[in-house]
Amino acid sequence: MDERREMDRSQPVPPVSERVHAVAEALSEPLSWQLLPDGKTVREAQLPSRRRVIDCVEELRGVLFPGYFGYREFGRQTITHHVGAALERVSQVLALEIAHATGYTAGQDYGRDYADPRDVARIVDEFIAQLPRIRRLLTLDCRACYEWDPAAFIPEAPIFCYPNMLAMMNFRLAHELYIRRVPFIPRIITEHAHNITGIDIHPGATIGESFFIDHGTGVVIGQTAIVGDRVRLYQGVTLGAIRFPLDQQTERPIKGQPRHPIIEDDVVIFAESTVLGRITVGQGSIIGANVFLAKSVPPQSKVFAPPVRVGQLSKRERDESVAGG
Amino acid sequence: MDERREMDRSQPVPPVSERVHAVAEALSEPLSWQLLPDGKTVREAQLPSRRRVIDCVEELRGVLFPGYFGYREFGRQTITHHVGAALERVSQVLALEIAHATGYTAGQDYGRDYADPRDVARIVDEFIAQLPRIRRLLTLDCRACYEWDPAAFIPEAPIFCYPNMLAMMNFRLAHELYIRRVPFIPRIITEHAHNITGIDIHPGATIGESFFIDHGTGVVIGQTAIVGDRVRLYQGVTLGAIRFPLDQQTERPIKGQPRHPIIEDDVVIFAESTVLGRITVGQGSIIGANVFLAKSVPPQSKVFAPPVRVGQLSKRERDESVAGG
Amino acid sequence: MDERREMDRSQPVPPVSERVHAVAEALSEPLSWQLLPDGKTVREAQLPSRRRVIDCVEELRGVLFPGYFGYREFGRQTITHHVGAALERVSQVLALEIAHATGYTAGQDYGRDYADPRDVARIVDEFIAQLPRIRRLLTLDCRACYEWDPAAFIPEAPIFCYPNMLAMMNFRLAHELYIRRVPFIPRIITEHAHNITGIDIHPGATIGESFFIDHGTGVVIGQTAIVGDRVRLYQGVTLGAIRFPLDQQTERPIKGQPRHPIIEDDVVIFAESTVLGRITVGQGSIIGANVFLAKSVPPQSKVFAPPVRVGQLSKRERDESVAGG
């Protein structure tokens, strides 16, 4: 690779404008078109727009919790106007983006049965109808956050100040689209929360009530994980997969198999612990920090990392540089 | 839950506009109003705006380090004009948002004594007066970053290129508002840095001079942690709490108790280590990577993770799929 | 520190406008000017603009993968127009920012040989010429992502929905500028990806083909790390440094020495593992989750964390509060 670069330099360099044209031609052609479904061009099979999907989610925050997000200058009588207007905008944009997404996958064989473009209106309608239930769930998440964080003094502050609430808003909205088999968009929504909070919850995961993730950076919850009620996770906790059967033909993992943990009610998992495989962590168990767990444990278990080694630094060690960048 | 969804689908779907109206009514009413302090509406008790608070912080970066952030087209003689104008804008917006925040908590019993809305002018004035001292501290943090990162060749580059500098700017600004008992806003400021950098420092933490966090994603420093001078942390390090007394009545943790570690001067803590509880890590100690530590260690200690198990993959293992998504 | 604050409060507070002026004067003067190269002012030695550099990278996404990012309303015949126009804009802005960056370091002794401002046109031209090769590499990364993530059903979805693809786009672009010795800008580009994805890859790292990082938050890959082909990393994995020789004079680490791991082809490293020092992880090895590894292992090794301690919670422990915030 480095050799080729050296050769590049030894050749005369064409003017930039000529180079730009040649590269633009090269980039217009092969790969990205090949990636599209057979026989379609990008224009015919337009992908959903990340930007518009994210705008919908941002507007939905103000719909779910008016006064905490978005427009703040309303009174008790006019709030319905603002919520209603926002909801209508969201419905329209979301319908358009779901139409793009389902139109893109329609008639393709991706190994998963995606929604039909003719069902867009029904999907949006069902999604809107779930919003009051989603808000109730989020309010329970917020209460769990207040009750379990000794640094939280104002019960409603988590709604707009805490990363887990943002992650759960996006997850609970995305999940409703995921179970209705909308392609792309659920993942865009949870990945948006992942970008902001470092909390990566797959939209397919099943998560109970009063769920609390503290701090949250590095948390991963996989597609087929099942989490009970009143579960608490700390930063860096993974509910992941460890091994799964290979497809005999492709020698690659088979898609979508159950492969993530089942976490029963009232479990606490401390920072940086990794729980892998289709195992069960029994009700009320406590998993300590920095634990690697890959087998089931019964209810009321405690699991801790093995003891560390503690000693005194020698003079040589004190003088030596030790760093880790 | 899934059953109910199936039932939903079997019923006739009303037109979207009707559904939107019904949902808007439902969302306007119960929960978010209940969450507000007694007898107030959102309009009367307006929350501070995250957007405006963050805009202030962004503008303050250019005030603290002109030329590195914000407007770049000034000369040595005109710099004061730009810094002064920015500072005046920040003062005004910040005063307004602090007025919202303190107005919201005024007269409410949150179990913590928040600042009085009548003190807004004094708080802003004191805050502005601290900026030169904050810049001196940040410059020491920047120097520590340059000295301890073997990949840093340009001493001033960390100011605008390194995540720890962004996190420390937000933390040191937020801390000045926190100790003056401003509600919401300190947390919004540190959470903004958390969003960008993955470094989650509670605005209440006490942090000494020449502090260096390398890479930083996943670092958590709790509300009552005390960190000495010349301390270095790597990515994924937690200074957290492990257990705290429950309130007898609510059966929930008592708020605000000292519960995080004390890290003395010249300590280094390597990647992904979790230090929990009101323990003391003695001066000059080195905590290795992936360590779980929950008891005090004397000065000049070394603490390492227990040895790993190393073996050879069998043929079966090599053929088997092993993954972890 | 707290004492001085108390004293501040006991003194009469001057009006805000007066305070703003005094602080603006203080901030205009000493530190940020001192940090600049000798004898220059900010205007003379203008730093590159983070904002503009990031805008270039965002526009390059649409150039590399038209239809997936940026403008979507083109047909197969007009795509070259849009790609070409975007590429010309990027070339011009990038040339300007590289001119700022190299102008800033020109004639300064930073201990690293940075590019000469007279070479800007050549650097931009070479960079543009690499774009088709970069896209080929990214397409292989995308395919690895699809093949190894059992939750990925649509082969092309990772391009615009997965964090590792964003991180690899930024890394592979930044690396081309890094090896041409452009200051500041490569780091700005990789740090931008770090901000969004939590994946921190130094632009100097050497990374092979078909590289897959799943989830990614907390991944750190150091400046001198060497990663082979078909390597997979999970969230929280560090390829870092552990110790390096000190400069005798400054007592600080010598810059730029090889100090990060060599990861051979087909290695898998699970979540939250930390691999430190100039060691070699042999071809085809599997490193389990939560492992701390600081010595070389031969090909086909398996390395696992030591066993955890599992027990039953006592009645007292069940009643006691245990938390970790």
# chains A, B, ... in the order shown; residues from 1 in each chain; ligands from 1

call {"tool": "residues_around", "arguments": {"residues": "Gly228 of chain A", "least_positions_apart": "4", "cutoff": "7 Å", "atoms": "only C-alpha atoms", "output": "PyMOL selection string"}}
result
chain A and resi 207-208+263-265

call {"tool": "write_last_selection", "arguments": {"atoms": "C-alpha atoms", "output": "JSON list (two decimals), in the first residue's frame"}}
result
[["chain", "number", "residue", "atom", "x", "y", "z"],
["A", 207, "ILE", "CA", -37.77, -4.05, 28.08],
["A", 208, "GLY", "CA", -40.16, -3.92, 31.03],
["A", 263, "ILE", "CA", -32.81, -10.48, 32.78],
["A", 264, "GLU", "CA", -35.57, -11.12, 35.29],
["A", 265, "ASP", "CA", -37.28, -8.51, 37.50]]

call {"tool": "closest_atom_pairs", "arguments": {"of": "chain A", "to": "chain B", "cutoff": "6 Å", "atoms": "only C-alpha atoms", "output": "Markdown table"}}
result
| residue | atom | partner | partner_atom | distance |
| --- | --- | --- | --- | --- |
| A:Phe65 | CA | B:Ser32 | CA | 5.9 |
| A:Gly67 | CA | B:Val42 | CA | 5.9 |
| A:Phe74 | CA | B:Arg43 | CA | 6.0 |
| A:Gly75 | CA | B:Arg43 | CA | 5.5 |
| A:Thr80 | CA | B:Ser28 | CA | 5.4 |
| A:Val83 | CA | B:Ala24 | CA | 5.6 |
| A:Gly84 | CA | B:Ala24 | CA | 4.9 |
| A:Asp125 | CA | B:Val16 | CA | 5.9 |
| A:Pro150 | CA | B:Lys255 | CA | 4.3 |
| A:Ala151 | CA | B:Gly256 | CA | 5.7 |
| A:Phe153 | CA | B:Tyr110 | CA | 5.8 |
| A:Ile154 | CA | B:Tyr110 | CA | 6.0 |
| A:Cys161 | CA | B:Ile188 | CA | 5.8 |
| A:Ile196 | CA | B:Asn195 | CA | 4.9 |
| A:Thr197 | CA | B:Asn195 | CA | 5.4 |
| A:Thr217 | CA | B:Gly218 | CA | 5.2 |
| A:Gly240 | CA | B:Gly325 | CA | 5.6 |
| A:Ala241 | CA | B:Gly324 | CA | 4.4 |
| A:Ile242 | CA | B:Gly324 | CA | 4.3 |
| A:Arg243 | CA | B:Val322 | CA | 4.4 |
| A:Val308 | CA | B:Ala305 | CA | 4.9 |
| A:Arg309 | CA | B:Phe304 | CA | 5.2 |
| A:Val310 | CA | B:Val303 | CA | 4.5 |
| A:Gly311 | CA | B:Lys302 | CA | 5.2 |
| A:Gln312 | CA | B:Ser301 | CA | 4.5 |
| A:Leu313 | CA | B:Gln300 | CA | 5.6 |

call {"tool": "write_last_selection", "arguments": {"atoms": "C-alpha atoms", "output": "PDB file, in the first residue's frame"}}
result
ATOM      1  CA  PHE A  65     -43.440  16.149  27.400  1.00  0.00           C
ATOM      2  CA  GLY A  67     -42.820  22.360  28.340  1.00  0.00           C
ATOM      3  CA  PHE A  74     -48.020  28.157  25.941  1.00  0.00           C
ATOM      4  CA  GLY A  75     -50.689  28.225  28.611  1.00  0.00           C
ATOM      5  CA  THR A  80     -53.533  21.079  22.919  1.00  0.00           C
ATOM      6  CA  VAL A  83     -49.308  19.323  20.725  1.00  0.00           C
ATOM      7  CA  GLY A  84     -51.898  18.662  18.016  1.00  0.00           C
ATOM      8  CA  ASP A 125     -52.049   5.556  12.925  1.00  0.00           C
ATOM      9  CA  PRO A 150     -29.011   9.690  45.061  1.00  0.00           C
ATOM     10  CA  ALA A 151     -27.851  12.767  43.121  1.00  0.00           C
ATOM     11  CA  PHE A 153     -33.251  15.934  43.849  1.00  0.00           C
ATOM     12  CA  ILE A 154     -35.941  17.122  41.422  1.00  0.00           C
ATOM     13  CA  CYS A 161     -31.488  16.367  31.722  1.00  0.00           C
ATOM     14  CA  ILE A 196     -25.951  11.251  21.863  1.00  0.00           C
ATOM     15  CA  THR A 197     -25.885   9.085  24.977  1.00  0.00           C
ATOM     16  CA  THR A 217     -22.164   5.335  28.237  1.00  0.00           C
ATOM     17  CA  GLY A 240     -24.889  -9.370  24.265  1.00  0.00           C
ATOM     18  CA  ALA A 241     -24.497 -12.541  22.226  1.00  0.00           C
ATOM     19  CA  ILE A 242     -21.574 -14.930  22.480  1.00  0.00           C
ATOM     20  CA  ARG A 243     -22.021 -17.596  19.835  1.00  0.00           C
ATOM     21  CA  VAL A 308      -7.536  -8.011  42.452  1.00  0.00           C
ATOM     22  CA  ARG A 309      -3.842  -8.134  43.363  1.00  0.00           C
ATOM     23  CA  VAL A 310      -2.687  -5.283  45.627  1.00  0.00           C
ATOM     24  CA  GLY A 311       0.978  -4.490  46.312  1.00  0.00           C
ATOM     25  CA  GLN A 312       3.419  -1.657  46.901  1.00  0.00           C
ATOM     26  CA  LEU A 313       5.235   0.031  44.036  1.00  0.00           C
TER      27      LEU A 313
END

call {"tool": "residues_around", "arguments": {"residues": "Pro261 of chain A", "least_positions_apart": "6", "cutoff": "6 Å", "atoms": "only C-alpha atoms", "output": "list in words"}}
result
Ala225, Gly277, Arg278, Ile279 and Thr280 of chain A

call {"tool": "atom_distance", "arguments": {"atom1": "atom CA of Cys145 of chain C", "atom2": "atom CA of Lys295 of chain C"}}
result
28.6 Å

call {"tool": "closest_residue", "arguments": {"among": "C:Glu97, C:Ile123, C:Arg181, C:Thr78", "to": "Arg52 of chain C", "atoms": "only C-alpha atoms"}}
result
C:Glu97

call {"tool": "atom_distance", "arguments": {"atom1": "atom CA of Thr139 of chain B", "atom2": "atom CA of Ala174 of chain B"}}
result
17.1 Å

call {"tool": "select_by_dssp", "arguments": {"residues": "segment 12-197 of chain A", "states": "helix (DSSP H, G or I)", "output": "PyMOL selection string"}}
result
chain A and resi 16-28+30-34+50-64+79-105+117-129+131-148+158-161+163-178+185-197

call {"tool": "closest_residue", "arguments": {"among": "B:Glu58, B:Asp266, B:Glu176, B:Glu147", "to": "Arg318 of chain A", "atoms": "only C-alpha atoms"}}
result
B:Asp266

call {"tool": "atom_distance", "arguments": {"atom1": "atom CA of Ile159 of chain C", "atom2": "atom CA of Leu64 of chain C"}}
result
10.3 Å

call {"tool": "residues_around", "arguments": {"residues": "segment 85-90 of chain B", "least_positions_apart": "3", "cutoff": "7 Å", "atoms": "only C-alpha atoms", "output": "PyMOL selection string"}}
result
(chain B and resi 56+59+63+81-82+93-94) or (chain C and resi 20)
